[in-house]
$ cat structure29.cif   # mmCIF, C-alpha atoms
data_upload
loop_
_atom_site.label_atom_id
_atom_site.label_comp_id
_atom_site.auth_asym_id
_atom_site.auth_seq_id
_atom_site.Cartn_x
_atom_site.Cartn_y
_atom_site.Cartn_z
CA PRO A 15 8.85 11.24 12.83
CA MET A 16 9.61 7.52 13.03
CA ILE A 17 7.98 5.07 15.44
CA VAL A 18 9.38 1.54 15.65
CA GLU A 19 7.27 -1.26 17.13
CA GLU A 20 7.67 -5.01 17.40
CA PHE A 21 4.88 -6.43 15.31
CA PHE A 22 4.17 -10.15 15.58
CA GLY A 23 7.49 -11.35 16.93
CA ASP A 24 7.12 -14.72 18.65
CA GLU A 25 3.69 -13.97 20.09
CA ILE A 26 1.86 -16.36 17.77
CA ASN A 27 3.11 -19.87 18.36
CA SER A 28 -0.03 -21.98 18.17
CA GLU A 29 -0.52 -25.16 16.15
CA ASP A 30 -3.76 -23.70 14.85
CA ALA A 31 -2.23 -20.93 12.71
CA ARG A 32 -5.57 -19.94 11.21
CA CYS A 33 -7.08 -19.09 14.60
CA SER A 34 -3.89 -17.40 15.77
CA LYS A 35 -3.48 -15.01 12.86
CA THR A 36 -7.19 -14.17 12.80
CA SER A 37 -7.43 -13.20 16.45
CA VAL A 38 -4.01 -12.05 17.65
CA GLY A 39 -2.87 -10.69 14.28
CA VAL A 40 -5.92 -8.52 13.80
CA ALA A 41 -5.70 -7.18 17.32
CA ARG A 42 -2.02 -6.29 16.86
CA LEU A 43 -2.50 -4.16 13.76
CA ARG A 44 -5.59 -2.46 15.13
CA LEU A 45 -3.83 -1.89 18.44
CA LEU A 46 -0.90 -0.36 16.59
CA LEU A 47 -3.15 2.27 14.99
CA LYS A 48 -4.97 3.12 18.20
CA LYS A 49 -1.89 3.08 20.41
CA HIS A 50 -0.28 5.90 18.45
CA ASN A 51 -3.53 7.78 17.69
CA LEU A 52 -3.23 7.18 13.96
CA LEU A 53 -7.02 7.30 13.65
CA SER A 54 -7.47 10.54 15.57
CA THR A 55 -7.87 12.73 12.46
CA ILE A 56 -10.46 10.45 10.82
CA PRO A 57 -14.05 11.79 10.85
CA LEU A 58 -16.19 9.32 12.80
CA LYS A 59 -19.13 9.12 10.42
CA VAL A 60 -19.78 5.42 10.95
CA ALA A 61 -20.16 3.37 14.10
CA ASP A 62 -19.52 -0.04 12.50
CA GLU A 63 -15.98 -0.85 13.61
CA THR A 64 -16.15 -4.25 11.88
CA GLU A 65 -16.62 -2.65 8.46
CA ARG A 66 -13.97 -0.05 9.14
CA PHE A 67 -11.28 -2.62 9.93
CA ARG A 68 -12.39 -5.39 7.56
CA VAL A 69 -9.57 -4.92 5.04
CA LEU A 70 -7.05 -4.37 7.82
CA GLU A 71 -7.96 -7.78 9.21
CA ASN A 72 -7.06 -9.43 5.90
CA ILE A 73 -3.77 -7.53 5.78
CA SER A 74 -2.97 -8.59 9.36
CA ALA A 75 -3.41 -12.24 8.43
CA TYR A 76 -1.31 -11.74 5.30
CA LEU A 77 1.53 -10.13 7.30
CA PHE A 78 1.47 -13.09 9.64
CA ASP A 79 2.14 -15.37 6.66
CA LEU A 80 4.98 -13.08 5.57
CA HIS A 81 6.54 -13.42 9.07
CA ALA A 82 6.54 -9.69 9.75
CA LYS A 83 8.37 -8.87 12.98
CA THR A 84 8.94 -5.11 12.92
CA ALA A 85 6.62 -2.24 12.04
CA VAL A 86 7.99 1.25 11.39
CA ILE A 87 5.39 4.03 11.39
CA GLU A 88 6.02 7.09 9.23
CA THR A 89 3.68 9.80 10.51
CA ASN A 90 2.42 12.88 8.61
CA TYR A 91 3.11 11.15 5.32
CA ILE A 92 2.04 12.81 2.05
CA ASP A 93 0.72 10.12 -0.28
CA ARG A 94 0.45 11.07 -3.94
CA ASP A 95 -2.62 8.95 -4.65
CA TYR A 96 -4.58 10.18 -1.65
CA LEU A 97 -3.49 13.80 -2.17
CA ASP A 98 -4.79 13.67 -5.74
CA ASP A 99 -8.15 12.34 -4.51
CA PHE A 100 -8.13 14.94 -1.73
CA VAL A 101 -7.80 17.76 -4.26
CA ARG A 102 -10.46 16.32 -6.57
CA PHE A 103 -13.08 15.48 -3.96
CA TYR A 104 -12.35 15.48 -0.21
CA SER A 105 -11.12 19.08 0.01
CA ARG A 106 -14.54 20.19 -1.30
CA CYS A 107 -16.54 18.28 1.31
CA PHE A 108 -18.16 19.92 4.30
CA VAL A 109 -16.33 17.54 6.65
CA PRO A 110 -12.74 18.79 7.22
CA TYR A 111 -10.72 15.82 6.01
CA SER A 112 -6.99 15.83 6.69
CA ARG A 113 -4.59 15.80 3.73
CA ARG A 114 -1.91 13.88 5.62
CA CYS A 115 -1.67 10.09 5.92
CA ASN A 116 0.42 7.64 7.91
CA ARG A 117 2.54 4.92 6.35
CA ILE A 118 3.54 1.67 8.08
CA HIS A 119 6.60 -0.22 6.84
CA PHE A 120 7.14 -3.89 7.67
CA PHE A 121 10.30 -5.99 8.04
CA ARG A 122 10.76 -9.73 8.58
CA GLU A 123 13.50 -9.25 11.18
CA LYS A 124 13.43 -7.57 14.58
CA TYR A 125 14.88 -4.06 14.68
CA THR A 126 14.97 -1.39 17.34
CA SER A 127 14.69 2.32 16.60
CA LYS A 128 18.37 2.75 17.48
CA GLN A 129 19.42 0.02 15.04
CA ILE A 130 17.39 1.57 12.23
CA GLU A 131 18.67 5.09 12.93
CA THR A 132 22.25 3.77 12.89
CA LEU A 133 21.67 2.11 9.52
CA LEU A 134 20.12 5.24 8.05
CA LEU A 135 22.97 7.46 9.27
CA ARG A 136 25.72 5.23 7.89
CA PRO A 137 27.40 6.94 4.91
CA GLU A 138 26.79 5.26 1.58
CA PRO A 139 29.95 3.70 0.07
CA GLN A 140 31.44 5.65 -2.81
CA GLY A 141 33.17 4.35 -5.93
CA PHE A 142 33.95 0.81 -7.04
CA GLY A 143 35.61 -2.10 -5.30
CA LYS A 144 38.51 -4.27 -6.44
CA ASN A 145 36.11 -6.53 -8.32
CA GLY A 146 34.93 -3.60 -10.43
CA LEU A 147 31.46 -3.59 -8.85
CA LEU A 148 29.86 -0.63 -7.09
CA LYS A 149 30.61 -0.62 -3.36
CA ARG A 150 27.66 -1.50 -1.14
CA ASP A 151 26.98 -1.40 2.59
CA SER A 152 26.45 -5.08 3.52
CA ARG A 153 24.43 -4.22 6.64
CA PHE A 154 22.05 -1.94 4.77
CA GLU A 155 21.78 -4.47 1.93
CA LYS A 156 20.58 -7.07 4.42
CA PHE A 157 18.13 -4.49 5.83
CA LYS A 158 16.78 -3.96 2.31
CA GLN A 159 16.37 -7.70 1.79
CA ASN A 160 14.25 -7.92 4.95
CA TYR A 161 11.86 -5.22 3.72
CA LEU A 162 8.33 -6.56 3.16
CA GLY A 163 6.62 -3.36 1.97
CA PHE A 164 4.21 -0.81 3.38
CA VAL A 165 0.57 0.10 4.01
CA VAL A 166 -0.74 3.68 3.81
CA ILE A 167 -3.43 4.59 6.37
CA ARG A 168 -5.76 7.24 4.96
CA PRO A 169 -7.81 9.68 7.12
CA LEU A 170 -11.15 8.40 5.79
CA PRO A 171 -14.18 7.09 7.72
CA THR A 172 -14.18 3.53 6.39
CA ALA A 173 -11.71 3.09 3.51
CA ILE A 174 -8.65 3.68 5.67
CA VAL A 175 -6.32 1.39 3.68
CA GLY A 176 -4.62 3.39 0.97
CA ARG A 177 -1.77 2.43 -1.34
CA THR A 178 -0.52 -0.95 -0.15
CA CYS A 179 2.62 -2.55 -1.55
CA LEU A 180 3.56 -5.86 0.08
CA ARG A 181 5.57 -8.78 -1.17
CA PRO A 182 3.47 -11.57 -2.69
CA TYR A 183 3.45 -15.10 -1.36
CA PRO A 184 6.37 -17.21 -2.61
CA ASP A 185 5.77 -19.07 -5.89
CA GLU A 186 4.93 -22.39 -4.30
CA ASN A 187 1.93 -24.64 -3.66
CA GLU A 188 0.54 -23.81 -7.13
CA ARG A 189 0.85 -20.07 -6.44
CA CYS A 190 2.55 -18.04 -9.16
CA TYR A 191 2.40 -14.25 -9.42
CA LYS A 192 3.26 -12.72 -12.79
CA ALA A 193 1.55 -9.29 -12.70
CA LEU A 194 4.13 -7.54 -10.52
CA CYS A 195 6.03 -4.26 -10.65
CA ASP A 196 8.91 -2.66 -8.78
CA VAL A 197 7.88 0.05 -6.33
CA ARG A 198 10.69 2.28 -5.12
CA VAL A 199 10.25 3.54 -1.57
CA SER A 200 11.89 6.53 0.07
CA PHE A 201 12.47 5.26 3.61
CA PHE A 202 13.49 8.37 5.57
CA GLY A 203 15.85 9.44 2.80
CA ARG A 204 17.20 6.00 1.85
CA GLU A 205 15.80 3.99 -1.06
CA LEU A 206 14.15 0.62 -0.58
CA LYS A 207 12.31 -1.44 -3.17
CA VAL A 208 9.49 -3.96 -3.13
CA ARG A 209 8.24 -6.04 -6.07
CA CYS A 210 4.50 -6.48 -5.72
CA MET A 211 1.00 -6.07 -7.10
CA PRO A 212 -0.14 -2.78 -5.52
CA PHE A 213 -3.53 -2.74 -3.79
CA ILE A 214 -5.86 0.04 -2.65
CA GLN A 215 -9.20 -0.13 -0.85
CA GLN A 216 -12.28 1.19 -2.66
CA ASP A 217 -13.74 4.23 -0.92
CA ALA A 218 -17.14 4.64 -2.66
CA ALA A 219 -16.26 8.24 -3.51
CA THR A 220 -13.33 8.60 -5.90
CA ALA A 221 -12.80 4.97 -6.98
CA VAL A 222 -14.88 1.88 -6.35
CA CYS A 223 -14.15 -1.75 -7.25
CA ALA A 224 -13.54 -1.45 -11.00
CA GLY A 225 -11.59 1.81 -10.61
CA CYS A 226 -9.30 0.26 -7.99
CA ALA A 227 -8.76 -2.80 -10.21
CA LEU A 228 -7.72 -0.51 -13.07
CA TRP A 229 -5.42 1.41 -10.70
CA SER A 230 -3.62 -1.82 -9.72
CA THR A 231 -3.42 -2.88 -13.38
CA PHE A 232 -2.04 0.47 -14.54
CA MET A 233 0.63 0.34 -11.82
CA VAL A 234 1.98 -2.78 -13.55
CA THR A 235 1.47 -1.64 -17.14
CA ALA A 236 3.20 1.67 -16.38
CA GLU A 237 6.38 -0.33 -15.89
CA LEU A 238 5.76 -2.54 -18.92
CA PHE A 239 4.76 0.15 -21.43
CA GLN A 240 6.22 3.32 -19.85
CA HIS A 241 2.98 5.30 -19.60
CA ARG A 242 2.45 7.71 -16.73
CA ARG A 243 1.12 6.46 -13.40
CA TYR A 244 -2.46 7.49 -12.67
CA CYS A 245 -4.13 8.12 -9.32
CA PRO A 246 -7.56 6.56 -8.54
CA GLY A 247 -9.55 9.76 -9.02
CA CYS A 248 -7.86 10.47 -12.34
CA ILE A 249 -8.77 6.98 -13.56
CA THR A 250 -12.41 7.58 -12.61
CA GLU A 251 -12.39 10.84 -14.58
CA LEU A 252 -10.90 9.05 -17.60
CA ALA A 253 -13.63 6.41 -17.35
CA THR A 254 -16.58 8.78 -16.94
CA GLY A 255 -15.38 11.80 -18.90
CA HIS A 256 -16.66 10.61 -22.26
CA GLY A 257 -19.87 11.92 -23.78
CA LEU A 258 -21.79 8.67 -23.40
CA SER A 259 -21.51 8.51 -19.62
CA GLU A 260 -24.63 9.48 -17.71
CA LYS A 261 -22.91 9.24 -14.31
CA ARG A 262 -21.20 11.88 -12.23
CA SER A 263 -17.51 11.36 -11.60
CA PHE A 264 -17.53 12.02 -7.83
CA PRO A 265 -18.86 10.39 -5.77
CA ASN A 266 -18.66 7.41 -8.07
CA SER A 267 -21.10 4.49 -7.83
CA GLY A 268 -19.32 2.14 -10.22
CA LEU A 269 -18.06 1.70 -13.77
CA LEU A 270 -19.55 -0.06 -16.76
CA VAL A 271 -17.46 -2.16 -19.15
CA ARG A 272 -17.71 0.73 -21.59
CA ASP A 273 -16.32 3.12 -18.98
CA MET A 274 -13.39 0.83 -18.23
CA ALA A 275 -12.58 0.63 -21.94
CA TYR A 276 -12.48 4.44 -22.15
CA ALA A 277 -10.10 4.55 -19.17
CA ILE A 278 -7.79 1.97 -20.76
CA ARG A 279 -7.69 3.92 -24.02
CA GLY A 280 -7.11 7.08 -22.01
CA VAL A 281 -3.73 5.80 -20.80
CA GLY A 282 -2.71 4.80 -24.33
CA LEU A 283 -3.55 1.08 -24.21
CA GLU A 284 -6.15 -0.97 -26.08
CA PRO A 285 -8.84 -2.98 -24.25
CA ILE A 286 -9.93 -6.53 -25.15
CA ASN A 287 -13.33 -7.66 -23.94
CA LEU A 288 -13.30 -11.42 -23.32
CA MET A 289 -16.89 -12.59 -22.85
CA CYS A 290 -17.07 -15.92 -21.11
CA GLU A 291 -20.00 -18.10 -22.17
CA PRO A 292 -22.06 -19.60 -19.31
#
$ encode --input "structure29.cif" --output "structure tokens"
Amino acid sequence: PMIVEEFFGDEINSEDARCSKTSVGVARLRLLLKKHNLLSTIPLKVADETERFRVLENISAYLFDLHAKTAVIETNYIDRDYLDDFVRFYSRCFVPYSRRCNRIHFFREKYTSKQIETLLLRPEPQGFGKNGLLKRDSRFEKFKQNYLGFVVIRPLPTAIVGRTCLRPYPDENERCYKALCDVRVSFFGRELKVRCMPFIQQDAATAVCAGCALWSTFMVTAELFQHRRYCPGCITELATGHGLSEKRSFPNSGLLVRDMAYAIRGVGLEPINLMCEP
């Protein structure tokens, strides 16, 4: 099922952009989740709403800077990374966690559900044009150019932000992003693409801070060196599966430098430890 919602639109038009995106932007993304009951399958094990939505607040502010105007919700989404963690850990818990996620796509132009359905149902051009290039649908090409990426909402108590692939800021004002990879997205049967540095929230069970950092890194190196793509739980097992580790894999409390080196070698790469002197 597809749900199309106007996201920021022209609601935020204040001179104080910082205040606007922090208050209105956060409320919009949180409202989007609650409006469509996207949090209904999440076990309510914590009462601290601030902690639960902390990462979402940062993403809301980021989407404001990207000028997001349309959100498309893909319900009952099966996410590979979460499903792998579900099999390794959450399916064995006493609490009945759901194995389905929700995915929210973002666009920098306003679209209605009818406009998107029309674009998706348009037949793809076949063959080559007079210029010898492959024929392309100009309307769908523009739709692809307006794609900003997606955020996966996981059915977890606090770490609800799963695999997140959003465009980086433009290379300006001394910002320059080099560690990027192409992520191909199946958008209701049609392929979109976003070039980004993937992000995932640590969940204190299958992958904490260091494990999530390795996950993001391996997403980029998988494109550079053609190794397989690893899910967070698998990275934790690579890091703690050696004979010198005294920690249990799940739930995981953190990785040592030695553990991270084992994980890096486990994917076929070599680690370099750069010790910075104080």
$ closest_residue --input "structure29.cif" --among "A:Arg94, A:Arg168, A:Arg279, A:Arg150" --to "Cys245 (chain A)" --atoms "all atoms listed in the file"
A:Arg94
$ residues_around --input "structure29.cif" --residues "Leu53 (chain A)" --least-positions-apart "4" --cutoff "8 Å" --atoms "only C-alpha atoms" --output "list in words"
Leu47, Lys48 and Pro169 of chain A
$ resolve_selection --input "structure29.cif" --expression "the PyMOL selection byres ((chain A and resi 97) around 12)" --output "list in words"
Tyr91, Ile92, Asp93, Arg94, Asp95, Tyr96, Asp98, Asp99, Phe100, Val101, Arg102, Phe103, Tyr104, Ser105, Tyr111, Ser112, Arg113, Arg114, Cys115, Arg168, Pro169, Gly176, Arg177, Thr220, Cys245, Pro246, Gly247 and Cys248 of chain A
$ residues_around --input "structure29.cif" --residues "region 230-237 of chain A" --least-positions-apart "2" --cutoff "8 Å" --atoms "all atoms listed in the file" --output "PyMOL selection string"
chain A and resi 193-196+211-214+226-228+239-244
$ write_last_selection --input "structure29.cif" --atoms "C-alpha atoms" --output "PDB file, in the frame of the given file"
ATOM      1  CA  ALA A 193       1.550  -9.290 -12.700  1.00  0.00           C
ATOM      2  CA  LEU A 194       4.130  -7.540 -10.520  1.00  0.00           C
ATOM      3  CA  CYS A 195       6.030  -4.260 -10.650  1.00  0.00           C
ATOM      4  CA  ASP A 196       8.910  -2.660  -8.780  1.00  0.00           C
ATOM      5  CA  MET A 211       1.000  -6.070  -7.100  1.00  0.00           C
ATOM      6  CA  PRO A 212      -0.140  -2.780  -5.520  1.00  0.00           C
ATOM      7  CA  PHE A 213      -3.530  -2.740  -3.790  1.00  0.00           C
ATOM      8  CA  ILE A 214      -5.860   0.040  -2.650  1.00  0.00           C
ATOM      9  CA  CYS A 226      -9.300   0.260  -7.990  1.00  0.00           C
ATOM     10  CA  ALA A 227      -8.760  -2.800 -10.210  1.00  0.00           C
ATOM     11  CA  LEU A 228      -7.720  -0.510 -13.070  1.00  0.00           C
ATOM     12  CA  PHE A 239       4.760   0.150 -21.430  1.00  0.00           C
ATOM     13  CA  GLN A 240       6.220   3.320 -19.850  1.00  0.00           C
ATOM     14  CA  HIS A 241       2.980   5.300 -19.600  1.00  0.00           C
ATOM     15  CA  ARG A 242       2.450   7.710 -16.730  1.00  0.00           C
ATOM     16  CA  ARG A 243       1.120   6.460 -13.400  1.00  0.00           C
ATOM     17  CA  TYR A 244      -2.460   7.490 -12.670  1.00  0.00           C
TER      18      TYR A 244
END
$ resolve_selection --input "structure29.cif" --expression "the PyMOL selection byres ((chain A and resi 250) around 9)" --output "PyMOL selection string"
chain A and resi 220-222+225+245-249+251-255+263-264+266+269+273-274+277
$ atom_distance --input "structure29.cif" --atom1 "CA of Ile87 (chain A)" --atom2 "CA of Val18 (chain A)"
6.3 Å
$ residues_near_point --input "structure29.cif" --point "(0.9, 5.7, 18.5)" --cutoff "12 Å" --atoms "only C-alpha atoms" --output "list in words"
Pro15, Met16, Ile17, Val18, Glu19, Leu43, Arg44, Leu45, Leu46, Leu47, Lys48, Lys49, His50, Asn51, Leu52, Leu53, Ser54, Ala85, Val86, Ile87, Glu88, Thr89, Asn116 and Ile118 of chain A
$ atom_distance --input "structure29.cif" --atom1 "CA of Leu77 (chain A)" --atom2 "CA of Ile174 (chain A)"
17.2 Å
$ residues_around --input "structure29.cif" --residues "Phe164 (chain A)" --least-positions-apart "6" --cutoff "8 Å" --atoms "all atoms listed in the file" --output "list of chain:residue names"
A:Arg117, A:Ile118, A:His119, A:Phe120, A:Thr178, A:Cys179, A:Leu180
$ closest_residue --input "structure29.cif" --among "A:Val199, A:Val109, A:Cys210, A:Leu270" --to "Ala224 (chain A)" --atoms "only C-alpha atoms"
A:Leu270
$ closest_residue --input "structure29.cif" --among "A:Lys192, A:Met289, A:His256, A:Gln215" --to "Thr172 (chain A)" --atoms "only C-alpha atoms"
A:Gln215
$ residues_near_point --input "structure29.cif" --point "(15.9, -8.5, 3.2)" --cutoff "12 Å" --atoms "all atoms listed in the file" --output "MDAnalysis selection string"
chainID A and resid 82 120:124 152:163 181 206:208
$ write_last_selection --input "structure29.cif" --atoms "C-alpha atoms" --output "mmCIF file, in the frame of the given file"
data_model
loop_
_atom_site.group_PDB
_atom_site.id
_atom_site.type_symbol
_atom_site.label_atom_id
_atom_site.label_comp_id
_atom_site.auth_asym_id
_atom_site.auth_seq_id
_atom_site.Cartn_x
_atom_site.Cartn_y
_atom_site.Cartn_z
ATOM 1 C CA ALA A 82 6.540 -9.690 9.750
ATOM 2 C CA PHE A 120 7.140 -3.890 7.670
ATOM 3 C CA PHE A 121 10.300 -5.990 8.040
ATOM 4 C CA ARG A 122 10.760 -9.730 8.580
ATOM 5 C CA GLU A 123 13.500 -9.250 11.180
ATOM 6 C CA LYS A 124 13.430 -7.570 14.580
ATOM 7 C CA SER A 152 26.450 -5.080 3.520
ATOM 8 C CA ARG A 153 24.430 -4.220 6.640
ATOM 9 C CA PHE A 154 22.050 -1.940 4.770
ATOM 10 C CA GLU A 155 21.780 -4.470 1.930
ATOM 11 C CA LYS A 156 20.580 -7.070 4.420
ATOM 12 C CA PHE A 157 18.130 -4.490 5.830
ATOM 13 C CA LYS A 158 16.780 -3.960 2.310
ATOM 14 C CA GLN A 159 16.370 -7.700 1.790
ATOM 15 C CA ASN A 160 14.250 -7.920 4.950
ATOM 16 C CA TYR A 161 11.860 -5.220 3.720
ATOM 17 C CA LEU A 162 8.330 -6.560 3.160
ATOM 18 C CA GLY A 163 6.620 -3.360 1.970
ATOM 19 C CA ARG A 181 5.570 -8.780 -1.170
ATOM 20 C CA LEU A 206 14.150 0.620 -0.580
ATOM 21 C CA LYS A 207 12.310 -1.440 -3.170
ATOM 22 C CA VAL A 208 9.490 -3.960 -3.130
#
$ closest_residue --input "structure29.cif" --among "A:His81, A:Val197, A:Val166, A:Leu238" --to "Leu283 (chain A)" --atoms "all atoms listed in the file"
A:Leu238
$ atom_distance --input "structure29.cif" --atom1 "CA of Val271 (chain A)" --atom2 "CA of Asn287 (chain A)"
8.4 Å
$ resolve_selection --input "structure29.cif" --expression "the PyMOL selection byres ((chain A and resi 128-135) around 8)" --output "MDAnalysis selection string"
chainID A and resid 125:127 136:137 153:154 202:204
$ closest_residue --input "structure29.cif" --among "A:Glu188, A:Asp217, A:Glu138, A:Glu20" --to "Lys83 (chain A)" --atoms "all atoms listed in the file"
A:Glu20
$ axis_aligned_box --input "structure29.cif" --around "region 271-282 of chain A" --padding-each-side "5 Å" --output "lines of an AutoDock Vina configuration file"
center_x = -10.2
center_y = 2.5
center_z = -21.3
size_x = 25.0
size_y = 19.2
size_z = 16.1
$ decode --input "structure29.cif" --residues "region 86-95 of chain A" --atoms "all heavy atoms" --output "PDB file, in the first residue's frame"
ATOM      1  N   VAL A  86       6.154   9.725   0.758  1.00  0.00           N
ATOM      2  CA  VAL A  86       5.400   8.563   0.282  1.00  0.00           C
ATOM      3  C   VAL A  86       5.700   7.399   1.225  1.00  0.00           C
ATOM      4  O   VAL A  86       6.848   6.968   1.337  1.00  0.00           O
ATOM      5  CB  VAL A  86       5.769   8.187  -1.162  1.00  0.00           C
ATOM      6  CG1 VAL A  86       4.958   6.972  -1.610  1.00  0.00           C
ATOM      7  CG2 VAL A  86       5.543   9.362  -2.096  1.00  0.00           C
ATOM      8  N   ILE A  87       4.672   6.909   1.902  1.00  0.00           N
ATOM      9  CA  ILE A  87       4.839   5.846   2.889  1.00  0.00           C
ATOM     10  C   ILE A  87       4.577   4.492   2.243  1.00  0.00           C
ATOM     11  O   ILE A  87       3.530   4.262   1.645  1.00  0.00           O
ATOM     12  CB  ILE A  87       3.887   6.051   4.080  1.00  0.00           C
ATOM     13  CG1 ILE A  87       4.099   7.438   4.691  1.00  0.00           C
ATOM     14  CG2 ILE A  87       4.092   4.974   5.136  1.00  0.00           C
ATOM     15  CD1 ILE A  87       3.079   7.792   5.750  1.00  0.00           C
ATOM     16  N   GLU A  88       5.540   3.613   2.379  1.00  0.00           N
ATOM     17  CA  GLU A  88       5.438   2.234   1.887  1.00  0.00           C
ATOM     18  C   GLU A  88       5.250   1.339   3.109  1.00  0.00           C
ATOM     19  O   GLU A  88       6.189   1.087   3.862  1.00  0.00           O
ATOM     20  CB  GLU A  88       6.711   1.870   1.129  1.00  0.00           C
ATOM     21  CG  GLU A  88       6.710   0.505   0.486  1.00  0.00           C
ATOM     22  CD  GLU A  88       7.998   0.230  -0.260  1.00  0.00           C
ATOM     23  OE1 GLU A  88       8.869   1.114  -0.324  1.00  0.00           O
ATOM     24  OE2 GLU A  88       8.131  -0.898  -0.780  1.00  0.00           O
ATOM     25  N   THR A  89       4.030   0.869   3.313  1.00  0.00           N
ATOM     26  CA  THR A  89       3.716   0.091   4.506  1.00  0.00           C
ATOM     27  C   THR A  89       4.048  -1.387   4.305  1.00  0.00           C
ATOM     28  O   THR A  89       4.194  -1.862   3.177  1.00  0.00           O
ATOM     29  CB  THR A  89       2.231   0.236   4.877  1.00  0.00           C
ATOM     30  OG1 THR A  89       1.424  -0.213   3.776  1.00  0.00           O
ATOM     31  CG2 THR A  89       1.882   1.684   5.166  1.00  0.00           C
ATOM     32  N   ASN A  90       4.164  -2.111   5.432  1.00  0.00           N
ATOM     33  CA  ASN A  90       4.466  -3.555   5.402  1.00  0.00           C
ATOM     34  C   ASN A  90       5.703  -3.856   4.558  1.00  0.00           C
ATOM     35  O   ASN A  90       5.723  -4.797   3.757  1.00  0.00           O
ATOM     36  CB  ASN A  90       3.272  -4.355   4.876  1.00  0.00           C
ATOM     37  CG  ASN A  90       2.117  -4.338   5.840  1.00  0.00           C
ATOM     38  OD1 ASN A  90       2.302  -4.463   7.048  1.00  0.00           O
ATOM     39  ND2 ASN A  90       0.917  -4.163   5.327  1.00  0.00           N
ATOM     40  N   TYR A  91       6.724  -3.057   4.762  1.00  0.00           N
ATOM     41  CA  TYR A  91       7.953  -3.199   3.989  1.00  0.00           C
ATOM     42  C   TYR A  91       8.884  -4.211   4.658  1.00  0.00           C
ATOM     43  O   TYR A  91       9.039  -4.217   5.889  1.00  0.00           O
ATOM     44  CB  TYR A  91       8.655  -1.840   3.886  1.00  0.00           C
ATOM     45  CG  TYR A  91      10.025  -1.888   3.256  1.00  0.00           C
ATOM     46  CD1 TYR A  91      10.188  -2.194   1.916  1.00  0.00           C
ATOM     47  CD2 TYR A  91      11.163  -1.612   4.021  1.00  0.00           C
ATOM     48  CE1 TYR A  91      11.439  -2.227   1.338  1.00  0.00           C
ATOM     49  CE2 TYR A  91      12.421  -1.646   3.444  1.00  0.00           C
ATOM     50  CZ  TYR A  91      12.550  -1.958   2.109  1.00  0.00           C
ATOM     51  OH  TYR A  91      13.797  -1.999   1.543  1.00  0.00           O
ATOM     52  N   ILE A  92       9.485  -5.081   3.867  1.00  0.00           N
ATOM     53  CA  ILE A  92      10.449  -6.065   4.370  1.00  0.00           C
ATOM     54  C   ILE A  92      11.849  -5.522   4.119  1.00  0.00           C
ATOM     55  O   ILE A  92      12.284  -5.411   2.964  1.00  0.00           O
ATOM     56  CB  ILE A  92      10.269  -7.426   3.689  1.00  0.00           C
ATOM     57  CG1 ILE A  92       8.878  -7.989   3.988  1.00  0.00           C
ATOM     58  CG2 ILE A  92      11.337  -8.405   4.172  1.00  0.00           C
ATOM     59  CD1 ILE A  92       8.586  -9.309   3.304  1.00  0.00           C
ATOM     60  N   ASP A  93      12.528  -5.145   5.198  1.00  0.00           N
ATOM     61  CA  ASP A  93      13.869  -4.584   5.089  1.00  0.00           C
ATOM     62  C   ASP A  93      14.898  -5.666   5.365  1.00  0.00           C
ATOM     63  O   ASP A  93      14.838  -6.350   6.396  1.00  0.00           O
ATOM     64  CB  ASP A  93      14.032  -3.437   6.092  1.00  0.00           C
ATOM     65  CG  ASP A  93      15.400  -2.795   6.007  1.00  0.00           C
ATOM     66  OD1 ASP A  93      15.673  -2.144   4.982  1.00  0.00           O
ATOM     67  OD2 ASP A  93      16.195  -2.941   6.959  1.00  0.00           O
ATOM     68  N   ARG A  94      15.845  -5.819   4.472  1.00  0.00           N
ATOM     69  CA  ARG A  94      16.824  -6.902   4.593  1.00  0.00           C
ATOM     70  C   ARG A  94      17.630  -6.794   5.880  1.00  0.00           C
ATOM     71  O   ARG A  94      17.850  -7.785   6.575  1.00  0.00           O
ATOM     72  CB  ARG A  94      17.759  -6.876   3.387  1.00  0.00           C
ATOM     73  CG  ARG A  94      18.922  -7.849   3.525  1.00  0.00           C
ATOM     74  CD  ARG A  94      19.967  -7.649   2.448  1.00  0.00           C
ATOM     75  NE  ARG A  94      21.185  -8.378   2.759  1.00  0.00           N
ATOM     76  CZ  ARG A  94      22.291  -8.315   2.032  1.00  0.00           C
ATOM     77  NH1 ARG A  94      22.323  -7.571   0.956  1.00  0.00           N
ATOM     78  NH2 ARG A  94      23.352  -9.006   2.377  1.00  0.00           N
ATOM     79  N   ASP A  95      18.085  -5.587   6.206  1.00  0.00           N
ATOM     80  CA  ASP A  95      18.933  -5.416   7.389  1.00  0.00           C
ATOM     81  C   ASP A  95      18.175  -5.728   8.670  1.00  0.00           C
ATOM     82  O   ASP A  95      18.690  -6.403   9.563  1.00  0.00           O
ATOM     83  CB  ASP A  95      19.494  -3.994   7.435  1.00  0.00           C
ATOM     84  CG  ASP A  95      20.457  -3.721   6.300  1.00  0.00           C
ATOM     85  OD1 ASP A  95      21.629  -4.129   6.412  1.00  0.00           O
ATOM     86  OD2 ASP A  95      20.050  -3.119   5.293  1.00  0.00           O
TER      87      ASP A  95
END
